[in-house]
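Asks: What follows is structure-v7.txt; its format and atoms are compact mmCIF, C-alpha atoms.
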# COMPACT_ATOMS: atom_id res chain seq x y z
CA MET W 1 -12.82 -14.11 32.12
CA ARG W 2 -9.75 -14.31 34.35
CA ILE W 3 -6.70 -14.88 32.17
CA VAL W 4 -2.93 -15.15 32.44
CA PHE W 5 -1.01 -13.99 29.38
CA ALA W 6 2.25 -15.59 28.23
CA GLY W 7 4.62 -13.78 25.89
CA THR W 8 8.12 -12.37 25.67
CA PRO W 9 9.19 -10.18 22.69
CA GLU W 10 7.78 -6.96 21.24
CA THR W 11 5.73 -9.07 18.85
CA ALA W 12 3.55 -10.09 21.82
CA LEU W 13 2.88 -6.52 23.01
CA PRO W 14 -0.12 -5.79 20.73
CA SER W 15 -1.87 -8.86 22.13
CA LEU W 16 -1.12 -7.87 25.72
CA GLU W 17 -2.46 -4.36 25.10
CA ALA W 18 -5.58 -5.69 23.36
CA LEU W 19 -6.31 -8.10 26.22
CA VAL W 20 -5.84 -5.37 28.83
CA ASP W 21 -8.34 -3.22 26.89
CA SER W 22 -10.80 -6.13 26.52
CA ARG W 23 -13.56 -7.29 28.84
CA HIS W 24 -11.19 -9.90 30.31
CA ASP W 25 -9.15 -9.64 33.51
CA VAL W 26 -5.41 -10.02 32.91
CA ALA W 27 -4.41 -11.33 36.33
CA ALA W 28 -0.73 -12.00 35.54
CA VAL W 29 1.84 -12.28 32.80
CA ILE W 30 4.29 -15.13 32.18
CA THR W 31 7.50 -14.27 30.36
CA ARG W 32 11.07 -15.44 29.93
CA PRO W 33 13.63 -14.50 32.58
CA ASP W 34 15.61 -11.27 32.28
CA ALA W 35 18.36 -11.53 29.65
CA ARG W 36 21.79 -9.94 29.40
CA GLN W 37 22.06 -7.33 26.66
CA GLY W 38 24.44 -4.71 25.35
CA ARG W 39 28.16 -4.29 25.77
CA GLY W 40 27.87 -4.25 29.55
CA ARG W 41 25.87 -7.50 29.48
CA THR W 42 23.46 -6.11 32.05
CA LEU W 43 20.17 -7.84 32.78
CA HIS W 44 17.07 -6.44 31.10
CA PRO W 45 13.43 -7.55 31.38
CA SER W 46 11.64 -8.75 28.28
CA PRO W 47 9.43 -6.21 26.47
CA VAL W 48 6.34 -8.00 27.82
CA ALA W 49 7.70 -7.94 31.39
CA ALA W 50 8.53 -4.24 31.17
CA ARG W 51 5.07 -3.33 29.86
CA ALA W 52 3.26 -5.52 32.39
CA GLU W 53 5.17 -3.87 35.23
CA GLU W 54 4.15 -0.44 33.90
CA LEU W 55 0.54 -1.63 33.92
CA GLY W 56 0.83 -2.99 37.46
CA ILE W 57 0.31 -6.59 36.41
CA GLU W 58 2.02 -9.42 38.29
CA VAL W 59 4.92 -10.87 36.29
CA LEU W 60 6.05 -14.49 36.52
CA LYS W 61 9.49 -15.34 35.11
CA PRO W 62 10.07 -19.08 35.58
CA ALA W 63 13.42 -20.41 34.39
CA ARG W 64 11.53 -23.55 33.43
CA ALA W 65 7.83 -23.86 32.64
CA ASP W 66 7.66 -27.00 34.81
CA ASP W 67 9.10 -25.25 37.89
CA PRO W 68 6.97 -26.40 40.87
CA ALA W 69 6.86 -22.94 42.48
CA PHE W 70 5.66 -21.42 39.21
CA LEU W 71 2.99 -24.08 38.73
CA ASP W 72 1.77 -23.59 42.31
CA ARG W 73 1.45 -19.84 41.75
CA LEU W 74 -0.37 -20.38 38.45
CA ARG W 75 -2.87 -22.63 40.21
CA GLU W 76 -3.32 -20.04 42.96
CA ILE W 77 -4.17 -17.38 40.38
CA GLY W 78 -6.63 -19.79 38.80
CA PRO W 79 -6.92 -18.50 35.22
CA ALA W 80 -9.82 -19.78 33.16
CA CYS W 81 -7.75 -19.35 30.01
CA CYS W 82 -4.11 -18.60 29.13
CA PRO W 83 -3.50 -16.80 25.83
CA ILE W 84 0.07 -17.17 24.58
CA VAL W 85 2.06 -15.28 21.93
CA ALA W 86 5.75 -15.97 21.24
CA TYR W 87 6.49 -17.04 24.79
CA GLY W 88 9.61 -18.96 23.81
CA ALA W 89 9.49 -22.05 26.04
CA LEU W 90 7.78 -25.42 25.86
CA LEU W 91 4.84 -26.04 28.17
CA ARG W 92 4.38 -29.48 29.67
CA ARG W 93 1.18 -31.24 30.61
CA GLU W 94 1.26 -29.94 34.21
CA ALA W 95 0.94 -26.38 32.94
CA LEU W 96 -1.43 -27.15 30.08
CA ASP W 97 -3.93 -28.67 32.51
CA VAL W 98 -4.20 -25.61 34.80
CA PRO W 99 -6.68 -23.35 32.92
CA GLU W 100 -10.18 -24.70 32.39
CA TYR W 101 -10.28 -23.55 28.76
CA GLY W 102 -6.64 -24.30 28.03
CA TRP W 103 -3.93 -22.22 26.40
CA LEU W 104 -4.86 -20.34 23.22
CA ASN W 105 -1.82 -19.71 21.04
CA LEU W 106 -1.57 -16.95 18.44
CA HIS W 107 0.72 -18.24 15.68
CA PHE W 108 1.80 -16.17 12.68
CA SER W 109 0.88 -18.44 9.79
CA VAL W 110 -2.20 -20.13 8.39
CA LEU W 111 -1.82 -23.51 10.03
CA PRO W 112 -0.94 -26.24 9.26
CA ALA W 113 1.53 -24.34 7.06
CA TRP W 114 4.73 -23.17 8.73
CA ARG W 115 4.54 -24.71 12.17
CA GLY W 116 7.54 -23.73 14.25
CA ALA W 117 9.73 -20.84 15.32
CA ALA W 118 10.07 -18.66 12.20
CA PRO W 119 6.83 -18.82 10.18
CA VAL W 120 6.92 -15.25 8.84
CA GLN W 121 10.55 -15.43 7.78
CA ARG W 122 10.16 -18.82 6.11
CA SER W 123 6.98 -17.78 4.34
CA ILE W 124 8.71 -14.79 2.73
CA MET W 125 11.79 -16.82 1.82
CA ALA W 126 9.65 -19.56 0.25
CA GLY W 127 7.99 -17.06 -2.08
CA ASP W 128 4.50 -17.34 -0.59
CA GLU W 129 2.01 -14.73 -1.77
CA VAL W 130 -0.27 -14.99 1.27
CA THR W 131 0.26 -15.76 4.92
CA GLY W 132 -1.76 -14.97 8.04
CA ALA W 133 -2.30 -15.76 11.69
CA THR W 134 -4.04 -18.59 13.54
CA VAL W 135 -5.42 -18.97 17.05
CA PHE W 136 -5.40 -22.59 18.19
CA SER W 137 -5.62 -24.62 21.38
CA LEU W 138 -2.16 -25.56 22.57
CA VAL W 139 -1.30 -29.26 22.73
CA GLU W 140 2.02 -30.97 23.43
CA ALA W 141 2.68 -31.56 19.71
CA LEU W 142 4.25 -28.61 17.85
CA ASP W 143 1.57 -26.11 16.71
CA ALA W 144 -0.81 -28.98 16.02
CA GLY W 145 -3.86 -28.15 18.15
CA PRO W 146 -7.41 -27.47 16.93
CA VAL W 147 -7.98 -24.07 15.31
CA LEU W 148 -10.39 -21.45 16.66
CA GLY W 149 -9.81 -18.75 14.08
CA THR W 150 -7.61 -17.53 11.24
CA ILE W 151 -6.90 -14.38 9.25
CA THR W 152 -4.99 -14.01 6.00
CA GLU W 153 -2.59 -11.28 4.91
CA ARG W 154 -1.04 -10.62 1.49
CA ILE W 155 2.76 -10.51 1.46
CA ARG W 156 3.70 -7.22 -0.21
CA GLU W 157 6.56 -6.86 -2.65
CA ASP W 158 8.51 -4.71 -0.19
CA ASP W 159 7.67 -6.65 2.99
CA THR W 160 10.50 -7.67 5.26
CA ALA W 161 10.02 -10.17 8.05
CA GLY W 162 9.91 -7.18 10.39
CA THR W 163 7.17 -5.21 8.62
CA LEU W 164 5.02 -8.27 7.93
CA LEU W 165 5.32 -9.54 11.49
CA ASP W 166 4.33 -6.12 12.82
CA ARG W 167 1.11 -6.15 10.76
CA LEU W 168 0.30 -9.71 11.76
CA ALA W 169 0.96 -8.94 15.43
CA HIS W 170 -1.65 -6.16 15.42
CA GLU W 171 -4.23 -7.98 13.31
CA GLY W 172 -3.63 -11.19 15.24
CA ALA W 173 -4.20 -9.42 18.56
CA ARG W 174 -7.77 -8.69 17.54
CA LEU W 175 -8.22 -12.28 16.42
CA LEU W 176 -6.94 -13.53 19.78
CA VAL W 177 -9.34 -11.37 21.79
CA ASP W 178 -12.22 -12.43 19.55
CA ALA W 179 -11.39 -16.10 20.09
CA ILE W 180 -11.33 -15.68 23.87
CA ASP W 181 -14.64 -13.81 23.72
CA HIS W 182 -16.22 -16.77 21.92
CA VAL W 183 -14.69 -19.25 24.35
CA GLU W 184 -16.23 -17.36 27.27
CA ASP W 185 -19.58 -17.09 25.45
CA GLY W 186 -19.59 -20.83 24.88
CA ASP W 187 -19.93 -20.66 21.11
CA ALA W 188 -16.33 -21.29 20.02
CA ALA W 189 -15.97 -24.02 17.42
CA ALA W 190 -12.49 -25.55 17.28
CA VAL W 191 -11.60 -27.37 14.06
CA SER W 192 -8.89 -30.01 13.82
CA GLN W 193 -5.99 -29.20 11.52
CA PRO W 194 -5.83 -31.24 8.29
CA ASP W 195 -3.14 -33.86 7.87
CA ASP W 196 -2.03 -32.47 4.52
CA GLY W 197 -0.38 -29.10 3.89
CA VAL W 198 1.90 -29.33 6.92
CA SER W 199 5.24 -27.49 6.66
CA TYR W 200 7.80 -26.48 9.27
CA ALA W 201 9.53 -23.18 9.93
CA SER W 202 12.77 -23.81 11.77
CA LYS W 203 14.55 -20.93 13.47
CA LEU W 204 16.82 -19.00 11.11
CA THR W 205 20.54 -19.50 11.47
CA THR W 206 23.43 -17.32 10.37
CA ASP W 207 23.98 -19.73 7.48
CA ASP W 208 20.38 -19.23 6.33
CA ALA W 209 21.15 -15.51 6.01
CA HIS W 210 24.27 -16.00 3.85
CA VAL W 211 23.11 -14.69 0.47
CA ASP W 212 23.34 -17.20 -2.36
CA TRP W 213 24.05 -15.21 -5.53
CA THR W 214 23.72 -18.34 -7.69
CA ARG W 215 19.95 -18.21 -7.18
CA PRO W 216 17.51 -16.14 -9.30
CA ALA W 217 17.01 -12.47 -8.46
CA PHE W 218 13.55 -13.01 -7.00
CA ALA W 219 14.93 -15.68 -4.65
CA VAL W 220 17.80 -13.43 -3.55
CA ASP W 221 15.28 -10.65 -2.92
CA ARG W 222 13.11 -12.98 -0.83
CA GLN W 223 16.07 -14.36 1.11
CA VAL W 224 17.28 -10.90 2.09
CA ARG W 225 13.80 -9.66 3.06
CA GLY W 226 13.07 -12.81 5.02
CA CYS W 227 16.25 -12.29 7.05
CA THR W 228 15.54 -8.59 7.74
CA PRO W 229 15.91 -7.38 10.45
CA ALA W 230 17.22 -10.60 12.03
CA PRO W 231 19.50 -12.43 11.72
CA GLY W 232 20.43 -10.04 8.91
CA ALA W 233 21.38 -11.09 5.37
CA TRP W 234 25.11 -11.01 4.68
CA SER W 235 27.79 -11.62 2.11
CA VAL W 236 31.57 -11.35 1.79
CA LEU W 237 33.72 -9.12 -0.46
CA GLY W 238 37.35 -10.13 -0.22
CA ASP W 239 37.97 -10.39 3.51
CA GLN W 240 35.16 -7.97 4.40
CA ARG W 241 31.86 -9.31 5.68
CA ILE W 242 28.91 -7.01 5.02
CA LYS W 243 25.33 -7.04 6.23
CA LEU W 244 22.75 -6.30 3.54
CA GLY W 245 19.38 -4.60 3.64
CA PRO W 246 16.64 -5.34 1.11
CA VAL W 247 17.68 -5.34 -2.56
CA SER W 248 15.79 -4.25 -5.69
CA PRO W 249 15.64 -6.70 -8.62
CA THR W 250 16.09 -5.17 -12.06
CA SER W 251 15.10 -6.32 -15.55
CA GLU W 252 18.69 -6.31 -16.80
CA ASP W 253 21.13 -9.22 -16.93
CA THR W 254 24.55 -7.58 -17.21
CA LEU W 255 26.66 -9.20 -14.48
CA ALA W 256 27.93 -12.66 -13.62
CA ARG W 257 26.63 -14.36 -10.50
CA GLY W 258 27.88 -12.42 -7.47
CA GLU W 259 29.78 -9.89 -9.60
CA VAL W 260 29.70 -6.36 -8.18
CA ARG W 261 29.61 -3.13 -10.16
CA ALA W 262 29.42 0.30 -8.52
CA ASP W 263 28.93 3.78 -9.95
CA LYS W 264 28.12 7.13 -8.37
CA HIS W 265 24.47 6.30 -7.87
CA GLU W 266 24.10 2.56 -7.22
CA VAL W 267 25.71 -0.81 -6.61
CA ARG W 268 24.60 -3.79 -8.66
CA VAL W 269 25.20 -7.49 -8.09
CA GLY W 270 24.61 -10.32 -10.56
CA THR W 271 22.41 -13.32 -9.85
CA ALA W 272 21.35 -16.42 -11.79
CA THR W 273 18.87 -14.24 -13.70
CA THR W 274 18.82 -10.44 -13.58
CA ASP W 275 20.92 -8.01 -11.56
CA VAL W 276 19.83 -6.62 -8.20
CA VAL W 277 20.56 -3.17 -6.79
CA LEU W 278 21.83 -3.14 -3.22
CA GLY W 279 20.03 -1.02 -0.63
CA GLN W 280 21.75 -0.50 2.70
CA VAL W 281 25.11 -2.02 3.50
CA GLN W 282 26.65 -2.40 6.96
CA PRO W 283 30.31 -3.45 7.18
CA THR W 284 31.32 -5.27 10.35
CA GLY W 285 31.81 -2.85 13.22
CA LYS W 286 30.38 0.14 11.32
CA ARG W 287 27.03 1.81 10.91
CA ALA W 288 24.59 0.99 8.12
CA MET W 289 24.87 3.23 5.05
CA SER W 290 23.61 3.41 1.49
CA ALA W 291 25.33 1.02 -0.87
CA ALA W 292 26.66 3.95 -2.92
CA ASP W 293 28.27 5.50 0.18
CA TRP W 294 29.75 2.13 1.11
CA ALA W 295 31.19 1.68 -2.39
CA ARG W 296 32.85 5.11 -2.32
CA GLY W 297 34.80 4.06 0.76
CA THR W 298 35.62 0.56 -0.47
CA SER W 299 38.01 -0.60 -3.15
CA ILE W 300 35.86 -2.56 -5.59
CA GLU W 301 38.03 -3.89 -8.39
CA PRO W 302 36.55 -4.71 -11.82
CA GLY W 303 35.21 -8.25 -11.73
CA ALA W 304 34.99 -8.31 -7.92
CA VAL W 305 32.58 -10.95 -6.62
CA LEU W 306 30.42 -11.20 -3.52
CA SER W 307 30.49 -14.65 -2.02
Using structure tokens, write down the structure that the file contains.
Replies:
Amino acid sequence: MRIVFAGTPETALPSLEALVDSRHDVAAVITRPDARQGRGRTLHPSPVAARAEELGIEVLKPARADDPAFLDRLREIGPACCPIVAYGALLRREALDVPEYGWLNLHFSVLPAWRGAAPVQRSIMAGDEVTGATVFSLVEALDAGPVLGTITERIREDDTAGTLLDRLAHEGARLLVDAIDHVEDGDAAAVSQPDDGVSYASKLTTDDAHVDWTRPAFAVDRQVRGCTPAPGAWSVLGDQRIKLGPVSPTSEDTLARGEVRADKHEVRVGTATTDVVLGQVQPTGKRAMSAADWARGTSIEPGAVLS
């Protein structure tokens, strides 16, 4: 089957690689325009664009998905199906109508749970035990199209949003190829999503990553892991803002909420229930380091509180 793949970040790369290795013909790739990065603010292609160029695949970078020139080129290519993974732009009816078999979206949750931009992060932060990935037919409503396949994945006790998303990206890539195979074979069975069980996963903000030490230890643990690696959990000690890596809940309740205690080996912070041990700490403008190393270079007065 002749396909055009749409995707932008590294999360989409396993799907691109799997499709290139499949029986299908990846005729082109659609991705977001080059973005400015780094201190020099120089333009860089997206990970998907860079990999497609290495593979010799045509790359389309429309500023808008309804750009007439882009739509004309898409029609010229004439894909039978357009798989899409984390593309990052809304597609209007003009684009949705181009491929005969539509756009098949790989989404990293078990729909209808966690529709939206940050399903993996929100699932961890909500305390879910299981998540997964879903391939569905794209419609104009947000992540609401009929489902062609799902997988489930247990959320491990040490999973961050980064590690869980990496697993789902690789497992989901196989699911996506399998769905396209069945579409081409004519035996795909799409199932409408139920009306109940719908939840939404809005994009994380900096405020979402501000650690709330008045919550129980398990919730603090989930908040930090859900915000790792991005946008990065953070807190404030005095006038110093620090970025926090994953924490380790303990069974001991020795500190007040937000209270910090450091010794030679570890740094503990109180929560609404038991203490947590800090992992990595990154002060603003400095490299990440172990919490113990950070504490040795920081004046932590008795009774000091993270806020």
Asks: From the list W:Ala12, W:Ala217, W:Ala144, W:Val198, which residue is nearest Ala86 (chain W) when using all atoms listed in the file?
Replies: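 Closest to Ala86 (chain W), using all atoms listed in the file: W:Ala12.
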Asks: Just the residues within 8 Å of region 59-63 of chain W, please, counting all atoms listed in the file, with nothing from its chain fewer than 2 positions along; format it as number ranges by chain.
Replies: W: 28-34, 49, 52-53, 57, 65, 67, 70
Asks: For each of W:Thr214, W:Asp239, W:Val48, W:Trp114, take the minimum atom-to-atom distance to Gly197 (chain W), counting only C-alpha atoms, then give the residue where this is smallest.
Replies: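 Closest residue, counting only C-alpha atoms: W:Trp114.
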Asks: Closest to Leu96 (chain W) among W:Gly149, W:Pro283, W:Pro112, W:Pro83, using all atoms listed in the file?
Replies: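 For Leu96 (chain W), the nearest of the given residues is W:Pro83.
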Asks: Counting all atoms listed in the file, give me one row per residue of region 230-256 of chain W with an atom at most 12 Å from an atom of region 115-134 of chain W, showing the shortest contact pair and its distance in Å to one decimal, sorted by chain then residue number, as a tab-separated table.
Replies:
residue	atom	partner	partner_atom	distance
W:Ala230	CA	W:Gln121	CA	9.3
W:Pro231	CA	W:Gln121	CA	10.2
W:Gly232	CA	W:Gln121	CA	11.3
W:Ala233	CA	W:Met125	CA	11.7
Asks: Rank W:Ser137, W:Ser307, W:Thr228, W:Thr205 by their smallest atom-to-atom distance to Thr163 (chain W), using all atoms listed in the file, and report the top residue only.
Replies: W:Thr228
Asks: Just the number, please: distance in Å from CA of Asp196 (chain W) to CA of Gly145 (chain W), one decimal.
Replies: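 These two atoms are separated by 14.4 Å.
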Asks: Between CA of Trp213 (chain W) and CA of Asp253 (chain W), measure the distance and give it in Å to one decimal.
Replies: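 Here the two named atoms are 13.2 Å from each other.
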